[in-house]
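target-v6.cif follows (mmCIF, C-alpha atoms):
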```cif
data_coords
#
loop_
_atom_site.label_atom_id
_atom_site.label_comp_id
_atom_site.auth_asym_id
_atom_site.auth_seq_id
_atom_site.Cartn_x
_atom_site.Cartn_y
_atom_site.Cartn_z
CA SER A 1 -24.86 -33.67 11.82
CA GLN A 2 -23.34 -32.44 8.58
CA THR A 3 -20.67 -29.79 8.49
CA ILE A 4 -18.69 -28.13 5.77
CA HIS A 5 -15.16 -26.89 6.20
CA GLN A 6 -13.39 -24.50 3.91
CA TRP A 7 -9.86 -23.16 4.20
CA PRO A 8 -7.96 -20.99 4.30
CA ALA A 9 -10.18 -18.09 5.35
CA THR A 10 -7.96 -15.49 3.72
CA LEU A 11 -5.16 -15.73 1.22
CA VAL A 12 -2.87 -13.22 -0.45
CA GLN A 13 -1.01 -14.60 -3.43
CA PRO A 14 1.24 -13.02 -6.06
CA VAL A 15 0.30 -13.05 -9.71
CA GLY A 16 1.56 -16.20 -11.39
CA SER A 17 1.59 -18.30 -8.24
CA PRO A 18 -0.43 -21.53 -7.88
CA LEU A 19 -3.64 -21.85 -5.89
CA SER A 20 -5.25 -24.64 -3.94
CA LEU A 21 -8.43 -24.13 -1.94
CA GLU A 22 -9.91 -27.07 -0.13
CA CYS A 23 -13.42 -27.89 0.96
CA THR A 24 -14.53 -30.93 2.91
CA VAL A 25 -17.92 -32.11 4.05
CA GLU A 26 -18.56 -34.30 7.07
CA GLY A 27 -21.54 -36.36 8.11
CA THR A 28 -22.89 -37.26 4.69
CA SER A 29 -21.97 -39.34 1.66
CA ASN A 30 -22.09 -38.70 -2.07
CA PRO A 31 -22.97 -35.01 -1.75
CA ASN A 32 -23.28 -32.64 -4.68
CA LEU A 33 -20.45 -30.13 -4.31
CA TYR A 34 -20.16 -26.61 -5.69
CA TRP A 35 -17.62 -23.80 -6.01
CA TYR A 36 -18.89 -20.24 -6.31
CA ARG A 37 -16.97 -17.01 -6.73
CA GLN A 38 -17.99 -13.52 -5.78
CA ALA A 39 -15.93 -10.74 -7.31
CA ALA A 40 -15.81 -7.48 -5.38
CA GLY A 41 -19.24 -5.86 -5.41
CA ARG A 42 -20.65 -8.55 -7.65
CA GLY A 43 -23.03 -11.46 -7.37
CA LEU A 44 -22.25 -15.13 -6.89
CA GLN A 45 -21.09 -17.00 -9.95
CA LEU A 46 -21.09 -20.78 -10.13
CA LEU A 47 -17.67 -22.02 -11.20
CA PHE A 48 -17.79 -25.81 -10.86
CA TYR A 49 -20.02 -28.52 -9.54
CA SER A 50 -19.56 -32.21 -8.94
CA VAL A 51 -21.95 -35.11 -8.52
CA GLY A 52 -19.32 -37.72 -7.68
CA ILE A 53 -15.66 -38.57 -7.37
CA GLY A 54 -13.77 -37.43 -10.43
CA GLN A 55 -16.88 -35.89 -11.99
CA ILE A 56 -16.47 -32.17 -12.54
CA SER A 57 -18.70 -29.83 -14.53
CA SER A 58 -17.38 -26.40 -15.44
CA GLU A 59 -19.72 -23.49 -15.79
CA VAL A 60 -17.35 -20.77 -16.87
CA PRO A 61 -14.14 -21.23 -18.88
CA GLN A 62 -11.34 -19.61 -16.95
CA ASN A 63 -8.00 -19.89 -15.28
CA LEU A 64 -9.27 -22.26 -12.62
CA SER A 65 -9.85 -25.99 -12.33
CA ALA A 66 -11.55 -28.22 -9.80
CA SER A 67 -11.02 -31.76 -8.64
CA ARG A 68 -12.81 -34.21 -6.39
CA PRO A 69 -10.28 -36.82 -5.31
CA GLN A 70 -12.46 -38.17 -2.52
CA ASP A 71 -16.21 -38.35 -1.98
CA ARG A 72 -16.36 -35.42 0.44
CA GLN A 73 -13.40 -33.37 -0.76
CA PHE A 74 -13.57 -30.65 -3.37
CA ILE A 75 -10.49 -28.72 -4.43
CA LEU A 76 -10.23 -25.52 -6.45
CA SER A 77 -6.90 -24.96 -8.16
CA SER A 78 -4.98 -22.73 -10.47
CA LYS A 79 -1.52 -23.17 -11.94
CA LYS A 80 -0.93 -19.43 -12.37
CA LEU A 81 -3.10 -16.85 -10.70
CA LEU A 82 -4.26 -13.71 -12.45
CA LEU A 83 -5.28 -10.43 -10.85
CA SER A 84 -8.82 -11.13 -12.01
CA ASP A 85 -8.92 -14.28 -9.87
CA SER A 86 -9.25 -12.13 -6.77
CA GLY A 87 -12.54 -12.59 -5.00
CA PHE A 88 -14.50 -14.43 -2.37
CA TYR A 89 -14.76 -18.16 -2.98
CA LEU A 90 -17.53 -20.19 -1.47
CA CYS A 91 -17.88 -23.93 -1.36
CA ALA A 92 -21.33 -25.49 -0.95
CA TRP A 93 -22.89 -28.92 -0.71
CA LYS A 94 -26.30 -30.45 -0.85
CA LYS A 95 -27.79 -33.88 -0.74
CA ALA A 96 -27.81 -35.66 -4.09
CA GLY A 97 -31.22 -35.75 -5.74
CA SER A 98 -32.53 -32.79 -3.78
CA ASN A 99 -33.25 -29.36 -5.22
CA TYR A 100 -32.72 -27.57 -1.96
CA GLY A 101 -30.79 -27.81 1.27
CA TYR A 102 -27.69 -26.01 0.02
CA THR A 103 -25.16 -25.41 2.80
CA PHE A 104 -22.33 -22.97 2.28
CA GLY A 105 -18.88 -22.85 3.80
CA SER A 106 -17.53 -19.74 5.44
CA GLY A 107 -15.60 -18.71 2.34
CA THR A 108 -12.04 -17.87 1.31
CA ARG A 109 -11.13 -14.29 0.54
CA LEU A 110 -8.41 -14.41 -2.12
CA THR A 111 -6.39 -11.35 -3.05
CA VAL A 112 -4.00 -11.64 -5.95
CA VAL A 113 -1.30 -8.96 -5.86
CA ALA B 114 -31.24 -21.08 -19.05
CA GLN B 115 -32.34 -19.83 -15.70
CA LYS B 116 -32.00 -16.24 -14.67
CA VAL B 117 -32.57 -14.22 -11.51
CA THR B 118 -32.81 -10.45 -11.67
CA GLN B 119 -32.45 -8.15 -8.72
CA ALA B 120 -32.82 -4.75 -10.29
CA GLN B 121 -32.09 -2.82 -7.10
CA THR B 122 -28.35 -2.59 -6.70
CA GLU B 123 -28.38 -0.62 -3.48
CA ILE B 124 -31.08 0.66 -1.14
CA SER B 125 -30.65 3.06 1.75
CA VAL B 126 -33.32 3.49 4.39
CA VAL B 127 -33.59 5.04 7.79
CA GLU B 128 -34.16 2.71 10.71
CA LYS B 129 -37.78 1.71 11.27
CA GLU B 130 -38.70 2.19 7.64
CA ASP B 131 -40.15 -0.73 5.72
CA VAL B 132 -38.19 -1.88 2.69
CA THR B 133 -38.97 -4.31 -0.14
CA LEU B 134 -36.30 -6.11 -2.11
CA ASP B 135 -37.40 -7.20 -5.56
CA CYS B 136 -36.59 -10.48 -7.26
CA VAL B 137 -37.74 -11.60 -10.71
CA TYR B 138 -36.84 -15.00 -12.10
CA GLU B 139 -36.95 -16.92 -15.36
CA THR B 140 -37.10 -20.68 -15.69
CA ARG B 141 -38.53 -23.36 -17.94
CA ASP B 142 -38.80 -25.83 -15.10
CA THR B 143 -42.23 -26.52 -13.69
CA THR B 144 -40.73 -27.56 -10.38
CA TYR B 145 -38.22 -25.25 -8.84
CA TYR B 146 -37.20 -23.63 -5.59
CA LEU B 147 -36.60 -20.02 -4.75
CA PHE B 148 -34.37 -18.79 -1.96
CA TRP B 149 -33.29 -15.67 -0.16
CA TYR B 150 -29.89 -15.40 1.48
CA LYS B 151 -28.36 -12.66 3.59
CA GLN B 152 -24.66 -11.86 3.33
CA PRO B 153 -23.39 -9.71 6.21
CA PRO B 154 -20.02 -7.94 5.95
CA SER B 155 -18.26 -11.06 7.23
CA GLY B 156 -19.16 -12.75 3.96
CA GLU B 157 -20.90 -15.94 4.95
CA LEU B 158 -24.26 -16.70 3.39
CA VAL B 159 -27.14 -16.90 5.82
CA PHE B 160 -30.15 -18.84 4.60
CA LEU B 161 -33.42 -16.97 5.12
CA ILE B 162 -36.15 -18.83 3.27
CA ARG B 163 -36.94 -21.48 0.70
CA ARG B 164 -40.13 -21.64 -1.33
CA ASN B 165 -41.11 -24.32 -3.84
CA SER B 166 -42.94 -23.52 -7.05
CA PHE B 167 -46.16 -25.17 -5.92
CA ASP B 168 -46.52 -23.14 -2.76
CA GLU B 169 -47.61 -19.58 -3.44
CA GLN B 170 -48.58 -18.81 0.10
CA ASN B 171 -46.92 -15.72 1.44
CA GLU B 172 -44.80 -16.23 4.50
CA ILE B 173 -44.05 -14.07 7.49
CA SER B 174 -41.25 -14.62 9.96
CA GLY B 175 -40.98 -11.86 12.52
CA ARG B 176 -40.12 -8.66 10.68
CA TYR B 177 -39.50 -10.57 7.43
CA SER B 178 -42.14 -11.43 4.86
CA TRP B 179 -42.04 -12.90 1.39
CA ASN B 180 -44.47 -12.47 -1.50
CA PHE B 181 -44.28 -15.20 -4.15
CA GLN B 182 -46.30 -14.60 -7.32
CA LYS B 183 -45.90 -17.12 -10.15
CA SER B 184 -48.02 -14.96 -12.47
CA THR B 185 -45.33 -12.29 -12.45
CA SER B 186 -42.38 -14.63 -11.72
CA SER B 187 -41.51 -12.61 -8.67
CA PHE B 188 -40.40 -13.46 -5.16
CA ASN B 189 -40.12 -10.22 -3.24
CA PHE B 190 -38.78 -9.80 0.27
CA THR B 191 -40.02 -7.17 2.71
CA ILE B 192 -38.38 -6.13 5.95
CA THR B 193 -40.74 -4.30 8.27
CA ALA B 194 -39.39 -1.74 10.71
CA SER B 195 -35.83 -2.13 9.47
CA GLN B 196 -32.93 -2.15 11.90
CA VAL B 197 -29.25 -1.35 11.52
CA VAL B 198 -28.48 -5.07 11.90
CA ASP B 199 -30.39 -5.67 8.68
CA SER B 200 -27.62 -3.94 6.75
CA ALA B 201 -26.21 -6.56 4.39
CA VAL B 202 -26.29 -7.79 0.83
CA TYR B 203 -29.36 -9.87 0.07
CA PHE B 204 -29.39 -12.48 -2.65
CA CYS B 205 -32.34 -14.10 -4.35
CA ALA B 206 -31.61 -17.49 -5.90
CA LEU B 207 -33.30 -20.14 -8.01
CA SER B 208 -32.59 -23.86 -8.00
CA GLU B 209 -32.80 -25.68 -11.29
CA SER B 210 -32.53 -29.37 -12.09
CA THR B 211 -29.82 -30.23 -14.53
CA GLY B 212 -29.47 -33.91 -15.18
CA THR B 213 -28.21 -35.50 -12.02
CA ALA B 214 -27.44 -32.25 -10.23
CA SER B 215 -29.36 -29.13 -9.52
CA LYS B 216 -27.67 -25.76 -9.54
CA LEU B 217 -28.34 -22.62 -7.60
CA THR B 218 -28.45 -19.49 -9.75
CA PHE B 219 -28.08 -16.22 -7.87
CA GLY B 220 -29.15 -12.71 -8.65
CA THR B 221 -26.57 -9.97 -8.44
CA GLY B 222 -27.70 -9.00 -4.97
CA THR B 223 -29.15 -5.91 -3.36
CA ARG B 224 -27.07 -4.03 -0.83
CA LEU B 225 -29.27 -2.70 1.97
CA GLN B 226 -27.95 0.08 4.16
CA VAL B 227 -29.99 0.93 7.23
CA THR B 228 -28.96 4.08 9.05
CA LEU B 229 -30.03 5.65 12.32
#
```
Using the file provided, produce a representation of the structure as structure tokens.
Amino acid sequence: SQTIHQWPATLVQPVGSPLSLECTVEGTSNPNLYWYRQAAGRGLQLLFYSVGIGQISSEVPQNLSASRPQDRQFILSSKKLLLSDSGFYLCAWKKAGSNYGYTFGSGTRLTVV
Amino acid sequence: AQKVTQAQTEISVVEKEDVTLDCVYETRDTTYYLFWYKQPPSGELVFLIRRNSFDEQNEISGRYSWNFQKSTSSFNFTITASQVVDSAVYFCALSESTGTASKLTFGTGTRLQVTL
């Protein structure tokens, strides 16, 4: 069966520090991968998605970047965090070519102080 | 571009009341999927239902029911006899096809508070 792992669960980082959030999927190959962010009291905003290794599409210009170094690994990064980067980050995957079947990770709650 | 509107930011009801969460969507696609997710305080997204654009049959699952109407581009969610455990943020979402990848566009969510 397929599973999605996301870590860490919580993170407190100072302004200006780097960020690396990791998401991995097991039990499938060539998944579509997604990073979403939920600011406090807000909806879910799509940040990045990827259809293959090294292929990243950005939805919103910002202080973050994403990479997909391996087929089932999706990383969200920042060189210097801003206060506005605080939020709840969710990774998701689905089978390529399908319009449904999205599975979400358990999320990372990031607080920038 | 696709858009999902959940006009109700927050709803408060007393336990056992029925409550309807509204969802209106916009899309140019002829084939699309609509979803409802529940987000409890712990934060994870719990999948509730998926409906494709060709299936306008209403669906009932226990105390939950969904009313999909293409004519009004709406996909409303009703909880019958609400319970405290229903307290959560509920998101409506729409899946679009974009080249080789589809994307899930969420509404801003409706926070439901059920009190005794």
Quiz item: If you count all atoms listed in the file, which residues fall within 9 Å of Arg68 in chain A, apart from same-chain ones fewer than 2 positions away, as an MDAnalysis selection string?
Solution: chainID A and resid 33 50 52:56 66 70:75
Quiz prompt | Surrounding residues of range 165-175 of chain B excluding itself and chain neighbours under 5 positions, 12 Å, all atoms listed in the file, as JSON, numbers by chain | solution = {"A": [99, 100], "B": [138, 140, 141, 142, 143, 144, 145, 146, 147, 148, 180, 181, 182, 183, 184, 185, 186, 187, 188, 189, 190, 191, 192, 193, 194, 195, 206, 207, 208, 209]}
Restrict the selected residues to C-alpha atoms and save them as a compact mmCIF listing (two decimals), in the frame of the given file.
```
# COMPACT_ATOMS: atom_id res chain seq x y z
CA ASN A 99 -33.25 -29.36 -5.22
CA TYR A 100 -32.72 -27.57 -1.96
CA TYR B 138 -36.84 -15.00 -12.10
CA THR B 140 -37.10 -20.68 -15.69
CA ARG B 141 -38.53 -23.36 -17.94
CA ASP B 142 -38.80 -25.83 -15.10
CA THR B 143 -42.23 -26.52 -13.69
CA THR B 144 -40.73 -27.56 -10.38
CA TYR B 145 -38.22 -25.25 -8.84
CA TYR B 146 -37.20 -23.63 -5.59
CA LEU B 147 -36.60 -20.02 -4.75
CA PHE B 148 -34.37 -18.79 -1.96
CA ASN B 180 -44.47 -12.47 -1.50
CA PHE B 181 -44.28 -15.20 -4.15
CA GLN B 182 -46.30 -14.60 -7.32
CA LYS B 183 -45.90 -17.12 -10.15
CA SER B 184 -48.02 -14.96 -12.47
CA THR B 185 -45.33 -12.29 -12.45
CA SER B 186 -42.38 -14.63 -11.72
CA SER B 187 -41.51 -12.61 -8.67
CA PHE B 188 -40.40 -13.46 -5.16
CA ASN B 189 -40.12 -10.22 -3.24
CA PHE B 190 -38.78 -9.80 0.27
CA THR B 191 -40.02 -7.17 2.71
CA ILE B 192 -38.38 -6.13 5.95
CA THR B 193 -40.74 -4.30 8.27
CA ALA B 194 -39.39 -1.74 10.71
CA SER B 195 -35.83 -2.13 9.47
CA ALA B 206 -31.61 -17.49 -5.90
CA LEU B 207 -33.30 -20.14 -8.01
CA SER B 208 -32.59 -23.86 -8.00
CA GLU B 209 -32.80 -25.68 -11.29
```
Quiz prompt | Two-atom distance - CA of Tyr203 in chain B, CA of Val137 in chain B (Å) | solution = 13.8 Å
Taking only residues of chain A that have an atom at most 10 Å from an atom of chain B, what is each one's shortest atom pair and its distance in Å to one decimal, using only C-alpha atoms, in chain and number order, as a tab-separated table?
```
residue	atom	partner	partner_atom	distance
A:Pro31	CA	B:Ala214	CA	10.0
A:Asn32	CA	B:Ala214	CA	6.9
A:Leu33	CA	B:Ala214	CA	9.4
A:Tyr34	CA	B:Lys216	CA	8.5
A:Tyr36	CA	B:Leu217	CA	9.8
A:Gln38	CA	B:Thr221	CA	9.7
A:Gly41	CA	B:Thr221	CA	8.9
A:Arg42	CA	B:Thr221	CA	6.1
A:Gly43	CA	B:Thr221	CA	4.0
A:Leu44	CA	B:Phe219	CA	6.0
A:Gln45	CA	B:Phe219	CA	7.3
A:Leu46	CA	B:Thr218	CA	7.5
A:Phe48	CA	B:Lys216	CA	10.0
A:Tyr49	CA	B:Lys216	CA	8.1
A:Ser50	CA	B:Ala214	CA	8.0
A:Val51	CA	B:Ala214	CA	6.4
A:Phe88	CA	B:Gly156	CA	8.0
A:Tyr89	CA	B:Gly156	CA	9.8
A:Leu90	CA	B:Glu157	CA	8.4
A:Lys94	CA	B:Ser215	CA	9.3
A:Lys95	CA	B:Ala214	CA	9.6
A:Ala96	CA	B:Ala214	CA	7.0
A:Gly97	CA	B:Ala214	CA	6.8
A:Ser98	CA	B:Ser215	CA	7.5
A:Asn99	CA	B:Ser215	CA	5.8
A:Tyr100	CA	B:Tyr146	CA	7.0
A:Gly101	CA	B:Arg163	CA	8.8
A:Tyr102	CA	B:Leu217	CA	8.4
A:Thr103	CA	B:Phe160	CA	8.4
A:Phe104	CA	B:Leu158	CA	6.7
A:Gly105	CA	B:Glu157	CA	7.3
A:Ser106	CA	B:Glu157	CA	5.1
A:Gly107	CA	B:Glu157	CA	6.5
A:Thr108	CA	B:Gly156	CA	9.2
A:Arg109	CA	B:Gly156	CA	8.9
```
Keeping only C-alpha atoms, write the selected residues as a PDB file, keeping the file's coordinate frame.
```
ATOM      1  CA  PRO A  31     -22.970 -35.010  -1.750  1.00  0.00           C
ATOM      2  CA  ASN A  32     -23.280 -32.640  -4.680  1.00  0.00           C
ATOM      3  CA  LEU A  33     -20.450 -30.130  -4.310  1.00  0.00           C
ATOM      4  CA  TYR A  34     -20.160 -26.610  -5.690  1.00  0.00           C
ATOM      5  CA  TYR A  36     -18.890 -20.240  -6.310  1.00  0.00           C
ATOM      6  CA  GLN A  38     -17.990 -13.520  -5.780  1.00  0.00           C
ATOM      7  CA  GLY A  41     -19.240  -5.860  -5.410  1.00  0.00           C
ATOM      8  CA  ARG A  42     -20.650  -8.550  -7.650  1.00  0.00           C
ATOM      9  CA  GLY A  43     -23.030 -11.460  -7.370  1.00  0.00           C
ATOM     10  CA  LEU A  44     -22.250 -15.130  -6.890  1.00  0.00           C
ATOM     11  CA  GLN A  45     -21.090 -17.000  -9.950  1.00  0.00           C
ATOM     12  CA  LEU A  46     -21.090 -20.780 -10.130  1.00  0.00           C
ATOM     13  CA  PHE A  48     -17.790 -25.810 -10.860  1.00  0.00           C
ATOM     14  CA  TYR A  49     -20.020 -28.520  -9.540  1.00  0.00           C
ATOM     15  CA  SER A  50     -19.560 -32.210  -8.940  1.00  0.00           C
ATOM     16  CA  VAL A  51     -21.950 -35.110  -8.520  1.00  0.00           C
ATOM     17  CA  PHE A  88     -14.500 -14.430  -2.370  1.00  0.00           C
ATOM     18  CA  TYR A  89     -14.760 -18.160  -2.980  1.00  0.00           C
ATOM     19  CA  LEU A  90     -17.530 -20.190  -1.470  1.00  0.00           C
ATOM     20  CA  LYS A  94     -26.300 -30.450  -0.850  1.00  0.00           C
ATOM     21  CA  LYS A  95     -27.790 -33.880  -0.740  1.00  0.00           C
ATOM     22  CA  ALA A  96     -27.810 -35.660  -4.090  1.00  0.00           C
ATOM     23  CA  GLY A  97     -31.220 -35.750  -5.740  1.00  0.00           C
ATOM     24  CA  SER A  98     -32.530 -32.790  -3.780  1.00  0.00           C
ATOM     25  CA  ASN A  99     -33.250 -29.360  -5.220  1.00  0.00           C
ATOM     26  CA  TYR A 100     -32.720 -27.570  -1.960  1.00  0.00           C
ATOM     27  CA  GLY A 101     -30.790 -27.810   1.270  1.00  0.00           C
ATOM     28  CA  TYR A 102     -27.690 -26.010   0.020  1.00  0.00           C
ATOM     29  CA  THR A 103     -25.160 -25.410   2.800  1.00  0.00           C
ATOM     30  CA  PHE A 104     -22.330 -22.970   2.280  1.00  0.00           C
ATOM     31  CA  GLY A 105     -18.880 -22.850   3.800  1.00  0.00           C
ATOM     32  CA  SER A 106     -17.530 -19.740   5.440  1.00  0.00           C
ATOM     33  CA  GLY A 107     -15.600 -18.710   2.340  1.00  0.00           C
ATOM     34  CA  THR A 108     -12.040 -17.870   1.310  1.00  0.00           C
ATOM     35  CA  ARG A 109     -11.130 -14.290   0.540  1.00  0.00           C
TER      36      ARG A 109
END
```
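Straight-line separation from CA of Ile124 in chain B to CA of Leu225 in chain B: 4.9 Å.
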Self-check item: Residues in the PyMOL selection byres ((chain A and resi 7) around 7), expressed as a list of chain:residue names
Solution: A:His5, A:Gln6, A:Pro8, A:Ala9, A:Leu21, A:Glu22, A:Cys23, A:Thr108
Output C-alpha atoms for every residue in that selection, as a short mmCIF file (atom, residue, chain, number, x, y, z; two decimals), in the coordinates of the input.
```cif
data_model
loop_
_atom_site.label_atom_id
_atom_site.label_comp_id
_atom_site.auth_asym_id
_atom_site.auth_seq_id
_atom_site.Cartn_x
_atom_site.Cartn_y
_atom_site.Cartn_z
CA HIS A 5 -15.16 -26.89 6.20
CA GLN A 6 -13.39 -24.50 3.91
CA PRO A 8 -7.96 -20.99 4.30
CA ALA A 9 -10.18 -18.09 5.35
CA LEU A 21 -8.43 -24.13 -1.94
CA GLU A 22 -9.91 -27.07 -0.13
CA CYS A 23 -13.42 -27.89 0.96
CA THR A 108 -12.04 -17.87 1.31
#
```
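One distance worth recording is that between CA of Glu26 in chain A and CA of Ser77 in chain A, which is 21.3 Å.
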Exercise. Using the chain letters and numbering of this document, enumerate as a PyMOL selection string the residues selected by the PyMOL selection byres ((chain A and resi 16-19) around 12).
Key: chain A and resi 7-8+11-15+20-22+63-66+75-86+108+110-113
Please determine an axis-aligned box that encloses all atoms of range 115-119 of chain B listed in the file, with 5 Å added on each side, and express its centre and edge lengths in Å to one decimal as AutoDock Vina command-line options.
```
--center_x -32.4 --center_y -14.0 --center_z -12.2 --size_x 10.8 --size_y 21.7 --size_z 17.0
```
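When the PyMOL selection byres ((chain B and resi 130) around 12) is run on the displayed coordinates, the residues it returns are Ile124, Ser125, Val126, Val127, Glu128, Lys129, Asp131, Val132, Thr133, Arg176, Thr191, Ile192, Thr193, Ala194, Ser195, Gln196, Val197, Asp199, Gln226, Val227, Thr228 and Leu229 of chain B.
In terms of minimum interatomic distance to Arg37 in chain A, A:Gln62 ranks closest within A:Gln62, A:Ser1, A:Thr24, A:Ser57, counting all atoms listed in the file.
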